[in-house]
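Content type compact mmCIF, C-alpha atoms, from the file entry07.txt:
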# COMPACT_ATOMS: atom_id res chain seq x y z
CA MET A 24 19.84 -31.62 -74.55
CA THR A 25 19.53 -29.46 -71.46
CA GLU A 26 20.27 -31.43 -68.29
CA ALA A 27 17.48 -31.66 -65.67
CA ILE A 28 17.84 -29.11 -62.91
CA ALA A 29 17.80 -30.50 -59.37
CA THR A 30 15.69 -27.91 -57.57
CA ASP A 31 16.82 -29.02 -54.13
CA LEU A 32 20.43 -27.86 -54.60
CA PRO A 33 21.10 -24.86 -52.41
CA ASP A 34 24.03 -23.24 -54.30
CA TRP A 35 22.17 -21.78 -57.23
CA GLU A 36 24.55 -18.84 -57.56
CA GLY A 37 27.44 -21.27 -57.93
CA ARG A 38 25.59 -23.27 -60.60
CA GLN A 39 24.70 -20.06 -62.40
CA ARG A 40 28.37 -19.03 -62.51
CA ILE A 41 29.33 -22.45 -63.87
CA ALA A 42 26.64 -22.27 -66.53
CA ALA A 43 27.64 -18.71 -67.47
CA ASP A 44 31.32 -19.67 -67.66
CA ARG A 45 30.42 -22.67 -69.85
CA LEU A 46 28.44 -20.41 -72.20
CA ASP A 47 31.31 -17.92 -72.41
CA GLU A 48 33.74 -20.76 -73.15
CA LEU A 49 31.53 -22.11 -75.95
CA ARG A 50 31.17 -18.66 -77.46
CA ARG A 51 34.94 -18.27 -77.36
CA GLU A 52 35.34 -21.67 -79.03
CA ARG A 53 32.84 -20.64 -81.70
CA GLY A 54 34.85 -17.49 -82.32
CA VAL A 55 38.08 -19.50 -82.62
CA ALA A 56 36.42 -21.96 -84.99
CA THR A 57 35.08 -19.15 -87.15
CA LEU A 58 38.47 -17.46 -87.17
CA GLU A 59 40.20 -20.66 -88.21
CA GLY A 60 37.52 -21.68 -90.67
CA LYS A 61 36.53 -24.77 -88.73
CA ALA A 62 33.07 -26.18 -88.17
CA PHE A 63 31.32 -25.54 -84.87
CA ASP A 64 28.10 -27.05 -83.60
CA SER A 65 26.12 -23.99 -82.48
CA ARG A 66 23.57 -26.25 -80.77
CA GLN A 67 26.03 -26.43 -77.88
CA ILE A 68 25.59 -22.69 -77.33
CA VAL A 69 21.80 -23.03 -77.57
CA ASP A 70 21.94 -25.78 -74.96
CA ALA A 71 24.27 -23.74 -72.75
CA GLU A 72 22.00 -20.73 -72.98
CA ALA A 73 19.02 -22.94 -72.10
CA GLU A 74 21.00 -24.35 -69.18
CA LEU A 75 21.81 -20.85 -67.92
CA ASP A 76 18.18 -19.78 -68.25
CA ALA A 77 17.03 -22.95 -66.49
CA VAL A 78 19.43 -22.39 -63.60
CA ALA A 79 18.30 -18.77 -63.28
CA ALA A 80 14.64 -19.85 -63.34
CA ALA A 81 15.34 -22.59 -60.81
CA GLN A 82 17.04 -20.09 -58.54
CA VAL A 83 14.02 -17.79 -58.69
CA GLU A 84 11.66 -20.73 -58.00
CA ALA A 85 13.81 -21.98 -55.13
CA GLU A 86 13.75 -18.51 -53.56
CA ARG A 87 9.97 -18.32 -54.04
CA ARG A 88 9.51 -21.69 -52.36
CA ARG A 89 11.81 -20.64 -49.53
CA ARG A 90 9.71 -17.53 -48.94
CA VAL A 91 6.49 -19.55 -49.09
CA GLU A 92 7.85 -22.10 -46.62
CA GLN A 93 9.18 -19.35 -44.37
CA GLU A 94 5.84 -17.55 -44.45
CA ALA A 95 4.00 -20.82 -43.70
CA ALA A 96 6.36 -21.48 -40.77
CA THR A 97 5.87 -17.90 -39.56
CA GLN A 98 2.09 -18.21 -39.77
CA ALA A 99 2.15 -21.58 -38.00
CA ARG A 100 4.30 -20.07 -35.26
CA ARG A 101 1.90 -17.13 -34.94
CA VAL A 102 -1.04 -19.52 -34.61
CA GLU A 103 0.89 -21.42 -31.94
CA LEU A 104 1.76 -18.22 -30.10
CA ARG A 105 -1.83 -16.96 -30.23
CA ALA A 106 -3.06 -20.27 -28.80
CA HIS A 107 -0.41 -20.04 -26.07
CA LEU A 108 -1.39 -16.44 -25.33
CA THR A 109 -5.07 -17.38 -25.07
CA GLU A 110 -4.23 -20.21 -22.66
CA THR A 111 -1.90 -17.99 -20.65
CA LEU A 112 -4.51 -15.23 -20.34
CA GLU A 113 -7.09 -17.78 -19.18
CA LEU A 114 -4.67 -19.00 -16.49
CA ARG A 115 -3.95 -15.39 -15.54
CA SER A 116 -7.65 -14.63 -15.19
CA LYS A 117 -8.09 -17.74 -13.06
CA ALA A 118 -5.17 -16.66 -10.87
CA LEU A 119 -6.70 -13.21 -10.41
CA ARG A 120 -10.04 -14.65 -9.38
CA GLU A 121 -8.38 -17.09 -6.98
CA ALA A 122 -6.13 -14.35 -5.56
CA GLU A 123 -9.10 -12.05 -4.94
CA LEU A 124 -11.07 -14.83 -3.27
CA ALA A 125 -8.04 -15.82 -1.19
CA VAL A 126 -7.53 -12.23 -0.02
CA TYR A 127 -11.18 -11.94 0.99
CA LYS A 128 -10.87 -15.25 2.84
CA LEU A 129 -7.66 -14.05 4.50
CA ALA A 130 -9.29 -10.78 5.53
CA SER A 131 -12.25 -12.67 7.00
CA ALA A 132 -9.99 -15.15 8.80
CA LEU A 133 -7.76 -12.39 10.21
CA GLU A 134 -10.84 -10.47 11.37
CA GLN A 135 -12.09 -13.58 13.12
CA LEU A 136 -8.64 -14.21 14.61
CA LEU A 137 -8.57 -10.73 16.14
CA THR A 138 -12.20 -10.93 17.29
CA THR A 139 -11.82 -14.33 18.94
CA SER A 140 -8.55 -13.25 20.54
CA LYS A 141 -10.30 -10.25 22.11
CA ASP A 142 -13.17 -12.48 23.19
CA ALA A 143 -10.74 -14.97 24.75
CA SER A 144 -8.97 -12.14 26.63
CA ARG A 145 -12.27 -10.81 28.01
CA THR A 146 -13.26 -14.31 29.10
CA ILE A 147 -9.90 -14.85 30.82
CA ARG A 148 -10.29 -11.58 32.70
CA ALA A 149 -13.82 -12.63 33.67
CA LEU A 150 -12.32 -15.78 35.19
CA GLY A 151 -10.11 -13.60 37.38
CA HIS A 152 -6.86 -13.80 35.43
CA ASN A 153 -4.81 -11.23 33.61
CA ALA A 154 -5.23 -11.38 29.82
CA PRO A 155 -2.10 -12.96 28.26
CA MET A 156 0.14 -10.63 26.29
CA ASN A 157 0.20 -13.22 23.52
CA LEU A 158 -3.51 -12.62 22.98
CA GLU A 159 -3.14 -8.85 22.72
CA GLU A 160 -3.93 -7.39 19.31
CA ASN A 161 -0.40 -6.08 18.66
CA SER A 162 1.11 -9.46 19.51
CA ILE A 163 -1.40 -11.28 17.31
CA LYS A 164 -0.71 -8.92 14.40
CA LEU A 165 3.06 -9.28 14.83
CA ARG A 166 2.94 -13.07 14.74
CA ALA A 167 0.47 -13.04 11.85
CA SER A 168 2.65 -10.65 9.83
CA LEU A 169 5.71 -12.85 10.35
CA ARG A 170 3.80 -15.97 9.29
CA MET A 171 2.35 -14.28 6.21
CA ALA A 172 5.78 -12.95 5.31
CA ALA A 173 7.26 -16.42 5.66
CA ILE A 174 4.58 -17.81 3.34
CA LEU A 175 4.58 -14.97 0.80
CA GLY A 176 8.31 -14.20 0.95
CA PRO A 177 9.45 -16.91 -1.49
CA VAL A 178 7.10 -15.41 -4.10
CA CYS A 179 6.96 -11.72 -3.19
CA GLY A 180 10.32 -11.04 -1.60
CA SER A 181 10.37 -8.26 0.97
CA SER A 182 7.64 -6.30 -0.78
CA PHE A 183 4.79 -6.69 -3.23
CA GLY A 184 4.00 -3.37 -4.83
CA ARG A 185 3.25 -1.02 -1.96
CA ILE A 186 2.92 -3.82 0.58
CA SER A 187 6.10 -4.44 2.58
CA PHE A 188 6.85 -7.57 4.56
CA PRO A 189 9.07 -8.02 7.61
CA ILE A 190 12.14 -10.22 7.38
CA ALA A 191 10.92 -13.75 8.01
CA ARG A 192 13.70 -16.28 7.56
CA GLY A 193 14.01 -19.63 9.28
CA PRO A 194 14.36 -21.81 11.06
CA HIS A 195 12.91 -19.47 13.71
CA LEU A 196 10.94 -16.29 13.25
CA ALA A 197 11.39 -13.10 15.24
CA ASP A 198 8.64 -14.15 17.65
CA GLY A 199 10.62 -17.28 18.57
CA THR A 200 8.32 -19.72 16.77
CA SER A 201 9.66 -22.40 14.47
CA LEU A 202 8.93 -22.43 10.76
CA LEU A 203 8.81 -26.22 11.02
CA ASP A 204 5.52 -25.76 12.88
CA SER A 205 2.35 -24.69 11.14
CA TRP A 206 0.93 -21.26 11.89
CA HIS A 207 -1.81 -22.91 13.95
CA ASP A 208 0.58 -25.13 15.89
CA SER A 209 3.10 -22.37 16.55
CA ASP A 210 0.34 -20.11 17.91
CA ALA A 211 -0.99 -22.92 20.08
CA LEU A 212 2.47 -23.37 21.58
CA LYS A 213 2.77 -19.62 22.10
CA ILE A 214 -0.40 -19.32 24.19
CA ALA A 215 -0.40 -22.83 25.71
CA SER A 216 1.13 -21.87 29.07
CA ASP A 217 -1.20 -18.92 29.66
CA ILE A 218 -4.29 -20.79 28.54
CA SER A 219 -3.53 -23.88 30.65
CA LYS A 220 -3.53 -21.73 33.78
CA VAL A 221 -7.06 -20.60 33.00
CA ILE A 222 -8.53 -23.79 31.57
CA THR A 223 -7.39 -25.98 34.47
CA PRO A 224 -10.17 -25.81 37.11
CA GLU A 225 -7.85 -25.70 40.11
CA ASN A 226 -6.31 -22.52 38.78
CA ASN A 227 -9.67 -20.77 38.51
CA HIS A 228 -10.92 -18.46 41.24
CA GLU A 229 -14.12 -20.34 41.89

Would you write the structure of this file as structure tokens?
Amino acid sequence: MTEAIATDLPDWEGRQRIAADRLDELRRERGVATLEGKAFDSRQIVDAEAELDAVAAAQVEAERRRRVEQEAATQARRVELRAHLTETLELRSKALREAELAVYKLASALEQLLTTSKDASRTIRALGHNAPMNLEENSIKLRASLRMAAILGPVCGSSFGRISFPIARGPHLADGTSLLDSWHDSDALKIASDISKVITPENNHE
């Protein structure tokens, strides 16, 4: 009888060699028996041939199953990657929309910062004082650029495409303000002395 083939054994080439060697040995024994006039049970050769065929067939089937499993794993991975790509592209689109909105908001806020600074300077002059240098447009832009660089630097580095940023490393920026303070608070400290001279009634030329 042909022994059952365990299809989960990985070394089919090794089993095929063993089966082929066994068949060759039986054929040699049959030749010796014929030469010496002895009886030989040829069913052993039939069984050995069947065993060799079964091992060869099992090897082919094992390889087929391996390819099927590999293809299934590949397809599953592709499905997973497509799902990840779809999710990633959705997040990317969301980031683009948020970035565009943020830039418009930044542009509007910076425009208002410059406009209100000019308005404050005109009002200070109207009260009989010299406009503070810290409210001049160049000074405002310098401090704003340093603050934006400090915020964007960890992500953008010293440049982002064609936009370059000044060096803005802590704990103090080039304008003398501390990175521990918020942009708002650092600006308030920067103009506090000049503004107090104007806001305080006794310092006004009334």

Next item on the list: In Å, rounded to a single decimal, give me how far CA of Leu158 (chain A) is from CA of Ser144 (chain A).
Entry: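 Computing the Euclidean distance for CA of Ser144 (chain A) and CA of Leu158 (chain A) yields 6.6 Å.
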
Margin query: Under the rule that all atoms listed in the file are counted, which of A:Ala85, A:Ile163, A:Ala125, A:Val178 is the nearest residue to Ala211 (chain A)?
Written below: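 That would be A:Ile163, the residue with the smallest distance to Ala211 (chain A).
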
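Taking CA of Gln39 (chain A) as the reference point, CA of Glu94 (chain A) is found at 26.2 Å.
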
Next item on the list: Fewer than 6 positions away in the same chain doesn't count, so skip those; otherwise give me all residues within 8 Å of region 200-210 of chain A, counting all atoms listed in the file, as a ChimeraX atom specification.
Entry: /A:170,193-194

Margin query: Rounded to one decimal, what separation in Å do you get between CA of Leu212 (chain A) and CA of Asn153 (chain A)?
Written below: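 Interatomic distance, CA of Leu212 (chain A) to CA of Asn153 (chain A): 18.6 Å.
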
As a PDB file, in the frame of the given file, could you write out region 131-142 of chain A once it has been completed with all heavy atoms?
ATOM      1  N   SER A 131     -11.217 -12.149   6.100  1.00  0.00           N
ATOM      2  CA  SER A 131     -12.250 -12.670   7.000  1.00  0.00           C
ATOM      3  C   SER A 131     -11.630 -13.482   8.129  1.00  0.00           C
ATOM      4  O   SER A 131     -12.025 -13.349   9.297  1.00  0.00           O
ATOM      5  CB  SER A 131     -13.225 -13.541   6.200  1.00  0.00           C
ATOM      6  OG  SER A 131     -14.193 -14.123   7.036  1.00  0.00           O
ATOM      7  N   ALA A 132     -10.630 -14.318   7.777  1.00  0.00           N
ATOM      8  CA  ALA A 132      -9.990 -15.150   8.800  1.00  0.00           C
ATOM      9  C   ALA A 132      -9.221 -14.300   9.798  1.00  0.00           C
ATOM     10  O   ALA A 132      -9.251 -14.559  11.014  1.00  0.00           O
ATOM     11  CB  ALA A 132      -9.054 -16.160   8.127  1.00  0.00           C
ATOM     12  N   LEU A 133      -8.508 -13.263   9.298  1.00  0.00           N
ATOM     13  CA  LEU A 133      -7.760 -12.390  10.210  1.00  0.00           C
ATOM     14  C   LEU A 133      -8.707 -11.613  11.117  1.00  0.00           C
ATOM     15  O   LEU A 133      -8.431 -11.409  12.309  1.00  0.00           O
ATOM     16  CB  LEU A 133      -6.883 -11.428   9.410  1.00  0.00           C
ATOM     17  CG  LEU A 133      -5.693 -12.050   8.688  1.00  0.00           C
ATOM     18  CD1 LEU A 133      -4.957 -10.997   7.876  1.00  0.00           C
ATOM     19  CD2 LEU A 133      -4.742 -12.724   9.672  1.00  0.00           C
ATOM     20  N   GLU A 134      -9.847 -11.179  10.559  1.00  0.00           N
ATOM     21  CA  GLU A 134     -10.840 -10.470  11.370  1.00  0.00           C
ATOM     22  C   GLU A 134     -11.352 -11.376  12.488  1.00  0.00           C
ATOM     23  O   GLU A 134     -11.474 -10.963  13.651  1.00  0.00           O
ATOM     24  CB  GLU A 134     -12.001 -10.009  10.500  1.00  0.00           C
ATOM     25  CG  GLU A 134     -13.059  -9.222  11.259  1.00  0.00           C
ATOM     26  CD  GLU A 134     -14.202  -8.785  10.364  1.00  0.00           C
ATOM     27  OE1 GLU A 134     -14.452  -9.463   9.347  1.00  0.00           O
ATOM     28  OE2 GLU A 134     -14.848  -7.764  10.680  1.00  0.00           O
ATOM     29  N   GLN A 135     -11.608 -12.637  12.121  1.00  0.00           N
ATOM     30  CA  GLN A 135     -12.090 -13.580  13.120  1.00  0.00           C
ATOM     31  C   GLN A 135     -11.010 -13.905  14.141  1.00  0.00           C
ATOM     32  O   GLN A 135     -11.287 -14.080  15.341  1.00  0.00           O
ATOM     33  CB  GLN A 135     -12.572 -14.871  12.445  1.00  0.00           C
ATOM     34  CG  GLN A 135     -13.270 -15.829  13.405  1.00  0.00           C
ATOM     35  CD  GLN A 135     -13.919 -16.984  12.683  1.00  0.00           C
ATOM     36  OE1 GLN A 135     -13.664 -17.211  11.505  1.00  0.00           O
ATOM     37  NE2 GLN A 135     -14.740 -17.739  13.396  1.00  0.00           N
ATOM     38  N   LEU A 136      -9.757 -13.964  13.689  1.00  0.00           N
ATOM     39  CA  LEU A 136      -8.640 -14.210  14.610  1.00  0.00           C
ATOM     40  C   LEU A 136      -8.551 -13.105  15.652  1.00  0.00           C
ATOM     41  O   LEU A 136      -8.399 -13.374  16.854  1.00  0.00           O
ATOM     42  CB  LEU A 136      -7.335 -14.300  13.811  1.00  0.00           C
ATOM     43  CG  LEU A 136      -6.035 -14.408  14.632  1.00  0.00           C
ATOM     44  CD1 LEU A 136      -6.032 -15.674  15.471  1.00  0.00           C
ATOM     45  CD2 LEU A 136      -4.818 -14.362  13.702  1.00  0.00           C
ATOM     46  N   LEU A 137      -8.645 -11.854  15.196  1.00  0.00           N
ATOM     47  CA  LEU A 137      -8.570 -10.730  16.140  1.00  0.00           C
ATOM     48  C   LEU A 137      -9.791 -10.695  17.060  1.00  0.00           C
ATOM     49  O   LEU A 137      -9.660 -10.447  18.270  1.00  0.00           O
ATOM     50  CB  LEU A 137      -8.464  -9.411  15.355  1.00  0.00           C
ATOM     51  CG  LEU A 137      -7.171  -9.212  14.551  1.00  0.00           C
ATOM     52  CD1 LEU A 137      -7.258  -7.940  13.721  1.00  0.00           C
ATOM     53  CD2 LEU A 137      -5.962  -9.163  15.477  1.00  0.00           C
ATOM     54  N   THR A 138     -10.968 -10.957  16.487  1.00  0.00           N
ATOM     55  CA  THR A 138     -12.200 -10.930  17.290  1.00  0.00           C
ATOM     56  C   THR A 138     -12.203 -12.005  18.354  1.00  0.00           C
ATOM     57  O   THR A 138     -12.525 -11.744  19.535  1.00  0.00           O
ATOM     58  CB  THR A 138     -13.425 -11.106  16.371  1.00  0.00           C
ATOM     59  OG1 THR A 138     -13.463 -10.037  15.418  1.00  0.00           O
ATOM     60  CG2 THR A 138     -14.714 -11.100  17.195  1.00  0.00           C
ATOM     61  N   THR A 139     -11.822 -13.225  17.967  1.00  0.00           N
ATOM     62  CA  THR A 139     -11.820 -14.330  18.940  1.00  0.00           C
ATOM     63  C   THR A 139     -10.721 -14.148  19.973  1.00  0.00           C
ATOM     64  O   THR A 139     -10.861 -14.575  21.131  1.00  0.00           O
ATOM     65  CB  THR A 139     -11.660 -15.678  18.232  1.00  0.00           C
ATOM     66  OG1 THR A 139     -10.508 -15.646  17.376  1.00  0.00           O
ATOM     67  CG2 THR A 139     -12.890 -16.001  17.386  1.00  0.00           C
ATOM     68  N   SER A 140      -9.622 -13.518  19.571  1.00  0.00           N
ATOM     69  CA  SER A 140      -8.550 -13.250  20.540  1.00  0.00           C
ATOM     70  C   SER A 140      -9.029 -12.265  21.601  1.00  0.00           C
ATOM     71  O   SER A 140      -8.774 -12.438  22.806  1.00  0.00           O
ATOM     72  CB  SER A 140      -7.314 -12.692  19.824  1.00  0.00           C
ATOM     73  OG  SER A 140      -6.764 -13.650  18.946  1.00  0.00           O
ATOM     74  N   LYS A 141      -9.743 -11.217  21.157  1.00  0.00           N
ATOM     75  CA  LYS A 141     -10.300 -10.250  22.110  1.00  0.00           C
ATOM     76  C   LYS A 141     -11.329 -10.926  23.020  1.00  0.00           C
ATOM     77  O   LYS A 141     -11.365 -10.681  24.232  1.00  0.00           O
ATOM     78  CB  LYS A 141     -10.944  -9.099  21.352  1.00  0.00           C
ATOM     79  CG  LYS A 141      -9.960  -8.181  20.667  1.00  0.00           C
ATOM     80  CD  LYS A 141     -10.692  -7.074  19.901  1.00  0.00           C
ATOM     81  CE  LYS A 141      -9.699  -6.170  19.179  1.00  0.00           C
ATOM     82  NZ  LYS A 141     -10.388  -5.115  18.402  1.00  0.00           N
ATOM     83  N   ASP A 142     -12.150 -11.780  22.414  1.00  0.00           N
ATOM     84  CA  ASP A 142     -13.170 -12.480  23.190  1.00  0.00           C
ATOM     85  C   ASP A 142     -12.519 -13.378  24.225  1.00  0.00           C
ATOM     86  O   ASP A 142     -12.953 -13.449  25.404  1.00  0.00           O
ATOM     87  CB  ASP A 142     -14.053 -13.289  22.241  1.00  0.00           C
ATOM     88  CG  ASP A 142     -15.297 -13.833  22.939  1.00  0.00           C
ATOM     89  OD1 ASP A 142     -15.521 -13.513  24.126  1.00  0.00           O
ATOM     90  OD2 ASP A 142     -16.042 -14.595  22.295  1.00  0.00           O
TER      91      ASP A 142
END
